[in-house]
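Participant: This is data-v5.tsv (TSV, C-alpha atoms).
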chain	number	residue	atom	x	y	z
E	1	MET	CA	179.28	212.63	151.77
E	2	LYS	CA	177.39	209.98	153.70
E	3	LEU	CA	177.39	206.30	152.74
E	4	GLN	CA	173.71	206.47	151.80
E	5	ARG	CA	174.39	209.11	149.12
E	6	LEU	CA	177.38	207.17	147.80
E	7	LEU	CA	175.23	204.06	147.43
E	8	SER	CA	172.46	206.06	145.74
E	9	LEU	CA	174.82	207.56	143.14
E	10	THR	CA	176.56	204.25	142.55
E	11	ARG	CA	173.27	202.44	142.05
E	12	GLN	CA	172.17	205.17	139.66
E	13	ALA	CA	175.17	204.37	137.43
E	14	LEU	CA	174.66	200.61	137.72
E	15	ASP	CA	171.00	200.88	136.74
E	16	THR	CA	171.39	203.58	134.07
E	17	TYR	CA	174.03	201.68	132.11
E	18	ARG	CA	173.26	198.07	133.19
E	19	LEU	CA	176.73	197.59	134.65
E	20	ILE	CA	176.00	194.53	136.82
E	21	GLU	CA	174.17	191.31	135.98
E	22	GLU	CA	173.15	188.37	138.14
E	23	GLY	CA	176.10	186.19	139.15
E	24	ASP	CA	178.88	188.60	138.16
E	25	HIS	CA	182.29	188.17	139.76
E	26	ILE	CA	183.80	191.65	139.83
E	27	ALA	CA	187.47	192.45	140.36
E	28	VAL	CA	187.85	195.86	141.99
E	29	GLY	CA	191.07	197.60	141.04
E	30	VAL	CA	192.40	198.99	144.34
E	31	SER	CA	195.33	201.39	144.08
E	32	GLY	CA	195.11	202.36	147.74
E	33	GLY	CA	193.94	205.86	146.83
E	34	LYS	CA	190.73	207.57	147.90
E	35	ASP	CA	188.84	206.76	144.67
E	36	SER	CA	189.40	203.02	144.63
E	37	LEU	CA	188.73	202.65	148.36
E	38	THR	CA	185.46	204.56	147.94
E	39	LEU	CA	184.52	202.20	145.11
E	40	LEU	CA	185.32	199.20	147.31
E	41	TYR	CA	183.07	200.60	150.06
E	42	ALA	CA	180.26	201.27	147.60
E	43	LEU	CA	180.23	197.84	145.93
E	44	HIS	CA	180.63	196.01	149.24
E	45	HIS	CA	177.72	197.73	150.97
E	46	LEU	CA	175.53	197.81	147.87
E	47	ARG	CA	175.67	194.07	147.31
E	48	ARG	CA	173.80	193.50	150.57
E	49	PHE	CA	170.55	194.70	148.99
E	50	TYR	CA	171.17	195.09	145.24
E	51	PRO	CA	168.63	192.90	143.39
E	52	LYS	CA	171.32	191.25	141.23
E	53	LYS	CA	173.72	189.17	143.31
E	54	TYR	CA	177.44	189.47	142.62
E	55	ASN	CA	180.80	188.55	144.14
E	56	LEU	CA	183.82	190.78	144.69
E	57	SER	CA	187.58	190.36	144.65
E	58	ALA	CA	190.05	193.18	145.28
E	59	ILE	CA	193.31	193.47	143.33
E	60	THR	CA	196.23	195.86	143.74
E	61	VAL	CA	198.97	196.21	141.13
E	62	ASP	CA	202.17	197.08	143.02
E	63	LEU	CA	204.35	199.19	140.72
E	64	GLY	CA	207.47	198.29	142.66
E	65	LEU	CA	208.22	201.88	143.65
E	66	GLY	CA	208.48	201.05	147.35
E	67	ASN	CA	207.25	203.00	150.39
E	68	MET	CA	203.68	201.77	149.99
E	69	ASP	CA	202.11	200.16	153.05
E	70	LEU	CA	199.12	198.14	151.88
E	71	GLU	CA	198.40	196.50	155.24
E	72	PRO	CA	195.50	198.92	156.03
E	73	VAL	CA	193.91	197.96	152.69
E	74	ARG	CA	194.39	194.28	153.49
E	75	ALA	CA	192.72	194.83	156.88
E	76	LEU	CA	189.75	196.58	155.23
E	77	CYS	CA	189.30	193.69	152.81
E	78	ARG	CA	189.36	191.25	155.72
E	79	GLU	CA	186.69	193.33	157.45
E	80	PHE	CA	184.55	193.23	154.31
E	81	ASP	CA	185.32	189.53	153.72
E	82	ILE	CA	186.62	190.32	150.23
E	83	PRO	CA	189.54	188.24	148.85
E	84	TYR	CA	192.53	190.52	148.29
E	85	THR	CA	195.42	189.96	145.87
E	86	ILE	CA	198.57	192.07	145.46
E	87	ILE	CA	200.38	191.71	142.13
E	88	PRO	CA	204.12	192.49	142.44
E	89	THR	CA	205.53	194.14	139.29
E	90	GLU	CA	208.57	196.11	138.13
E	91	ILE	CA	206.54	198.68	136.21
E	92	GLY	CA	208.17	201.54	138.11
E	93	THR	CA	211.67	200.27	137.31
E	94	VAL	CA	210.80	199.86	133.62
E	95	LEU	CA	209.32	203.35	133.34
E	96	PHE	CA	211.76	205.42	135.37
E	97	ASP	CA	215.06	203.50	135.42
E	98	ILE	CA	215.17	201.57	132.16
E	99	ARG	CA	213.10	203.66	129.73
E	100	LYS	CA	213.49	206.93	131.64
E	101	GLU	CA	210.08	208.10	130.45
E	102	SER	CA	209.43	211.84	130.72
E	103	ASN	CA	205.66	211.34	130.20
E	104	PRO	CA	205.05	207.87	131.64
E	105	CYS	CA	201.35	208.08	132.56
E	106	SER	CA	199.85	206.54	129.42
E	107	LEU	CA	202.27	203.61	129.30
E	108	CYS	CA	201.97	203.10	133.06
E	109	ALA	CA	198.18	202.95	132.83
E	110	LYS	CA	198.37	200.45	129.98
E	111	MET	CA	200.78	198.18	131.88
E	112	ARG	CA	198.78	198.39	135.11
E	113	LYS	CA	195.52	197.57	133.34
E	114	GLY	CA	197.16	194.64	131.57
E	115	ALA	CA	198.39	193.15	134.85
E	116	LEU	CA	195.04	193.78	136.57
E	117	ASN	CA	192.98	192.27	133.77
E	118	GLU	CA	195.12	189.14	133.53
E	119	LYS	CA	194.88	188.52	137.28
E	120	ALA	CA	191.11	189.13	137.16
E	121	LYS	CA	190.74	186.43	134.52
E	122	GLU	CA	192.96	184.10	136.54
E	123	LEU	CA	190.68	184.60	139.56
E	124	GLY	CA	187.59	183.74	137.51
E	125	CYS	CA	186.21	187.29	137.32
E	126	ASN	CA	184.10	188.35	134.34
E	127	LYS	CA	184.22	192.09	135.10
E	128	VAL	CA	186.73	194.63	136.37
E	129	ALA	CA	185.57	197.78	138.17
E	130	TYR	CA	187.64	200.95	137.80
E	131	ALA	CA	187.21	203.85	140.22
E	132	HIS	CA	186.94	206.65	137.64
E	133	HIS	CA	184.56	209.32	138.95
E	134	ARG	CA	182.65	212.19	137.35
E	135	ASP	CA	185.62	214.58	137.35
E	136	ASP	CA	187.81	211.93	135.69
E	137	VAL	CA	185.27	211.62	132.88
E	138	ILE	CA	185.26	215.39	132.31
E	139	GLU	CA	189.04	215.79	132.55
E	140	THR	CA	189.66	212.93	130.12
E	141	ALA	CA	187.28	214.50	127.58
E	142	LEU	CA	189.16	217.81	127.74
E	143	MET	CA	192.54	216.07	127.55
E	144	SER	CA	191.36	214.25	124.45
E	145	LEU	CA	190.08	217.50	122.95
E	146	PHE	CA	193.22	219.52	123.72
E	147	TYR	CA	195.92	216.91	123.02
E	148	GLU	CA	194.32	214.58	120.46
E	149	GLY	CA	191.91	216.85	118.59
E	150	ARG	CA	188.81	214.74	119.25
E	151	PHE	CA	185.95	214.79	121.73
E	152	TYR	CA	186.17	211.46	123.52
E	153	THR	CA	186.27	209.95	126.98
E	154	PHE	CA	186.09	206.46	128.47
E	155	SER	CA	182.66	204.86	128.67
E	156	PRO	CA	180.67	203.43	131.61
E	157	TYR	CA	180.94	199.92	130.11
E	158	THR	CA	183.61	198.47	127.84
E	159	TYR	CA	183.90	194.88	126.66
E	160	LEU	CA	187.43	193.65	125.99
E	161	ASP	CA	186.99	191.01	123.30
E	162	ARG	CA	190.52	189.65	123.50
E	163	MET	CA	190.29	189.17	127.27
E	164	GLU	CA	186.58	188.26	127.30
E	165	LEU	CA	186.32	190.69	130.18
E	166	ALA	CA	184.06	193.70	130.79
E	167	VAL	CA	185.24	196.96	132.37
E	168	ILE	CA	182.71	198.95	134.39
E	169	ARG	CA	182.90	202.35	136.08
E	170	PRO	CA	180.31	202.49	138.89
E	171	LEU	CA	181.42	205.90	140.30
E	172	LEU	CA	180.47	207.70	137.10
E	173	PHE	CA	177.98	210.01	138.86
E	174	VAL	CA	180.14	210.65	141.96
E	175	SER	CA	182.15	213.89	142.00
E	176	GLU	CA	185.69	214.08	143.27
E	177	ALA	CA	184.52	216.50	145.99
E	178	ASP	CA	182.08	213.83	147.20
E	179	VAL	CA	184.86	211.23	147.20
E	180	ILE	CA	187.05	213.52	149.31
E	181	GLY	CA	184.17	214.12	151.70
E	182	PHE	CA	183.53	210.39	151.97
E	183	LYS	CA	187.21	209.68	152.61
E	184	ASN	CA	187.30	212.21	155.43
E	185	LYS	CA	184.02	211.17	157.02
E	186	TYR	CA	184.80	207.44	157.07
E	187	ASN	CA	188.58	207.70	157.61
E	188	LEU	CA	189.49	205.58	154.60
E	189	PRO	CA	192.93	203.94	154.92
E	190	VAL	CA	194.43	205.86	151.99
E	191	CYS	CA	197.97	204.90	150.97
E	192	LYS	CA	200.28	207.70	149.82
E	193	ASN	CA	200.93	207.53	146.09
E	194	PRO	CA	204.66	206.74	145.66
E	195	CYS	CA	204.73	207.79	141.99
E	196	PRO	CA	207.22	210.67	141.43
E	197	MET	CA	204.92	212.09	138.73
E	198	ASP	CA	201.99	212.53	141.12
E	199	GLY	CA	200.74	216.13	140.82
E	200	TYR	CA	202.85	216.94	137.74
E	201	THR	CA	200.76	215.46	134.92
E	202	LYS	CA	198.67	216.75	132.03
E	203	ARG	CA	195.61	215.67	134.00
E	204	GLN	CA	196.65	217.89	136.88
E	205	TYR	CA	197.02	220.80	134.44
E	206	ILE	CA	193.49	220.19	133.08
E	207	LYS	CA	192.13	219.87	136.63
E	208	GLU	CA	193.56	223.26	137.55
E	209	LEU	CA	192.33	224.79	134.28
E	210	ILE	CA	188.76	223.65	135.02
E	211	ARG	CA	189.07	225.03	138.54
E	212	ASP	CA	190.07	228.43	137.15
E	213	MET	CA	187.28	228.44	134.53
E	214	GLN	CA	184.71	227.64	137.21
E	215	LYS	CA	185.36	231.02	138.80
E	216	ASP	CA	183.46	232.58	135.88
E	217	ASN	CA	181.06	229.67	135.34
E	218	PRO	CA	180.18	227.71	138.52
E	219	HIS	CA	178.08	225.29	136.43
E	220	LEU	CA	180.93	224.40	134.06
E	221	LYS	CA	181.31	220.78	135.21
E	222	ASP	CA	177.57	220.16	134.93
E	223	CYS	CA	177.60	221.52	131.37
E	224	LEU	CA	180.61	219.43	130.37
E	225	PHE	CA	179.22	216.25	131.88
E	226	HIS	CA	175.88	216.80	130.15
E	227	ALA	CA	177.71	217.31	126.85
E	228	ILE	CA	179.42	213.95	127.37
E	229	THR	CA	176.40	211.89	128.41
E	230	ASP	CA	174.24	213.31	125.60
E	231	GLY	CA	177.01	213.71	123.02
E	232	ASN	CA	176.77	210.37	121.18
E	233	ILE	CA	180.40	209.62	122.03
E	234	LYS	CA	181.60	206.36	120.53
E	235	GLY	CA	181.42	203.52	123.03
E	236	TRP	CA	178.88	205.16	125.30
E	237	PRO	CA	175.78	202.97	125.65
E	238	GLU	CA	172.37	204.55	125.62
E	239	ALA	CA	171.01	205.16	129.09
E	240	VAL	CA	168.20	202.92	130.28
E	241	ARG	CA	165.15	205.18	130.52
E	242	PRO	CA	162.80	204.56	133.45
E	243	ARG	CA	159.31	203.38	132.55
E	244	ARG	CA	156.52	205.89	132.93
For this file, write the structure as structure tokens.

Facilitator:
Amino acid sequence: MKLQRLLSLTRQALDTYRLIEEGDHIAVGVSGGKDSLTLLYALHHLRRFYPKKYNLSAITVDLGLGNMDLEPVRALCREFDIPYTIIPTEIGTVLFDIRKESNPCSLCAKMRKGALNEKAKELGCNKVAYAHHRDDVIETALMSLFYEGRFYTFSPYTYLDRMELAVIRPLLFVSEADVIGFKNKYNLPVCKNPCPMDGYTKRQYIKELIRDMQKDNPHLKDCLFHAITDGNIKGWPEAVRPRR
């Protein structure tokens, strides 16, 4: 995927769900993976011509698992002139050594988001951008359906009343295949995920299930995504319809 297409799809999400307003200071959650680095690229290049001016800060929550070289990410932020903050934590120690969690993903996500949101507020940000893409939206909906008995997935825009902070997801219309293509084309400085659960989660199971089901229905993801965007799911704002 070329940068131009990434910017087009990102702007489509921003405009459809009114994700950015004039003067926003947005904290981009950067894990060092392909998704978050693609988001950083998109928001950096888009702000050069997007009609609503906004500022960016990049934040990484270090889980304390070791073996994660973030210097390439730091160099990219310097190139983009984006302030970069690394938050040292002991989340990995808490999850794997102290609590010995067998299914740590949910608690890990909650702790990471808490640390990220608090640092965003400290830096004066009013919004946090997560790098969830189209496939994440679909997979989360199926995980909710299979494991919780409800049809639900995270929304493009969420306001956290307690934090007085908004969460936005600008990559909503970007597929994971496009992210992979973008990573390869632009040689993104991806950091290897040090988490021992990487590749052995419920999400990975759902991802592989969808892949298998697509063999019989190549349009499966399109159908699922349409069901989500038009499904009146709680928390999903109505799309802004273009004027005729």

Participant: With only C-alpha atoms as the atoms that count, which of E:Lys183, E:Lys234, E:His219, E:Lys202 lies nearest to Tyr157 (chain E)?

Facilitator: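 Of E:Lys183, E:Lys234, E:His219, E:Lys202, the one nearest Tyr157 (chain E), counting only C-alpha atoms, is E:Lys234.
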
Participant: Out of E:Lys121, E:Lys185, E:Arg74, E:Arg47, which residue has the shortest atom-to-atom distance to Thr10 (chain E) when counting all atoms listed in the file?

Facilitator: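 Answer, going by the shortest atom-to-atom distance: E:Arg47.
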
Participant: Pick out the closest residue to Leu160 (chain E) from this set: E:Val128, E:Ile26, E:Ala75, E:Leu56. Count all atoms listed in the file.

Facilitator: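 Of E:Val128, E:Ile26, E:Ala75, E:Leu56, the one nearest Leu160 (chain E) is E:Val128, counting all atoms listed in the file.
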
Participant: Between E:Asp81, E:Asp230, E:Glu139, E:Glu71, which is the closest to Gln204 (chain E) once you count all atoms listed in the file?

Facilitator: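 For Gln204 (chain E), the nearest of the candidates is E:Glu139.
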
Participant: Please return, as a ChimeraX atom specification, all polymer residues that have at least one atom within 10 Å of the point (179.3, 201.8, 137.0); use all atoms listed in the file and the file's own coordinate frame.

Facilitator: /E:9-20,39,43,129-133,155-157,167-173

Participant: Using the selection just defined, write its residues with C-alpha atoms as a PDB file, keeping the file's coordinate frame.

Facilitator:
ATOM      1  CA  LEU E   9     174.820 207.560 143.140  1.00  0.00           C
ATOM      2  CA  THR E  10     176.560 204.250 142.550  1.00  0.00           C
ATOM      3  CA  ARG E  11     173.270 202.440 142.050  1.00  0.00           C
ATOM      4  CA  GLN E  12     172.170 205.170 139.660  1.00  0.00           C
ATOM      5  CA  ALA E  13     175.170 204.370 137.430  1.00  0.00           C
ATOM      6  CA  LEU E  14     174.660 200.610 137.720  1.00  0.00           C
ATOM      7  CA  ASP E  15     171.000 200.880 136.740  1.00  0.00           C
ATOM      8  CA  THR E  16     171.390 203.580 134.070  1.00  0.00           C
ATOM      9  CA  TYR E  17     174.030 201.680 132.110  1.00  0.00           C
ATOM     10  CA  ARG E  18     173.260 198.070 133.190  1.00  0.00           C
ATOM     11  CA  LEU E  19     176.730 197.590 134.650  1.00  0.00           C
ATOM     12  CA  ILE E  20     176.000 194.530 136.820  1.00  0.00           C
ATOM     13  CA  LEU E  39     184.520 202.200 145.110  1.00  0.00           C
ATOM     14  CA  LEU E  43     180.230 197.840 145.930  1.00  0.00           C
ATOM     15  CA  ALA E 129     185.570 197.780 138.170  1.00  0.00           C
ATOM     16  CA  TYR E 130     187.640 200.950 137.800  1.00  0.00           C
ATOM     17  CA  ALA E 131     187.210 203.850 140.220  1.00  0.00           C
ATOM     18  CA  HIS E 132     186.940 206.650 137.640  1.00  0.00           C
ATOM     19  CA  HIS E 133     184.560 209.320 138.950  1.00  0.00           C
ATOM     20  CA  SER E 155     182.660 204.860 128.670  1.00  0.00           C
ATOM     21  CA  PRO E 156     180.670 203.430 131.610  1.00  0.00           C
ATOM     22  CA  TYR E 157     180.940 199.920 130.110  1.00  0.00           C
ATOM     23  CA  VAL E 167     185.240 196.960 132.370  1.00  0.00           C
ATOM     24  CA  ILE E 168     182.710 198.950 134.390  1.00  0.00           C
ATOM     25  CA  ARG E 169     182.900 202.350 136.080  1.00  0.00           C
ATOM     26  CA  PRO E 170     180.310 202.490 138.890  1.00  0.00           C
ATOM     27  CA  LEU E 171     181.420 205.900 140.300  1.00  0.00           C
ATOM     28  CA  LEU E 172     180.470 207.700 137.100  1.00  0.00           C
ATOM     29  CA  PHE E 173     177.980 210.010 138.860  1.00  0.00           C
TER      30      PHE E 173
END

Participant: As an exercise, work out the distance from CA of His44 (chain E) to CA of Asp222 (chain E) in Å and give it to one decimal place.

Facilitator: 28.2 Å
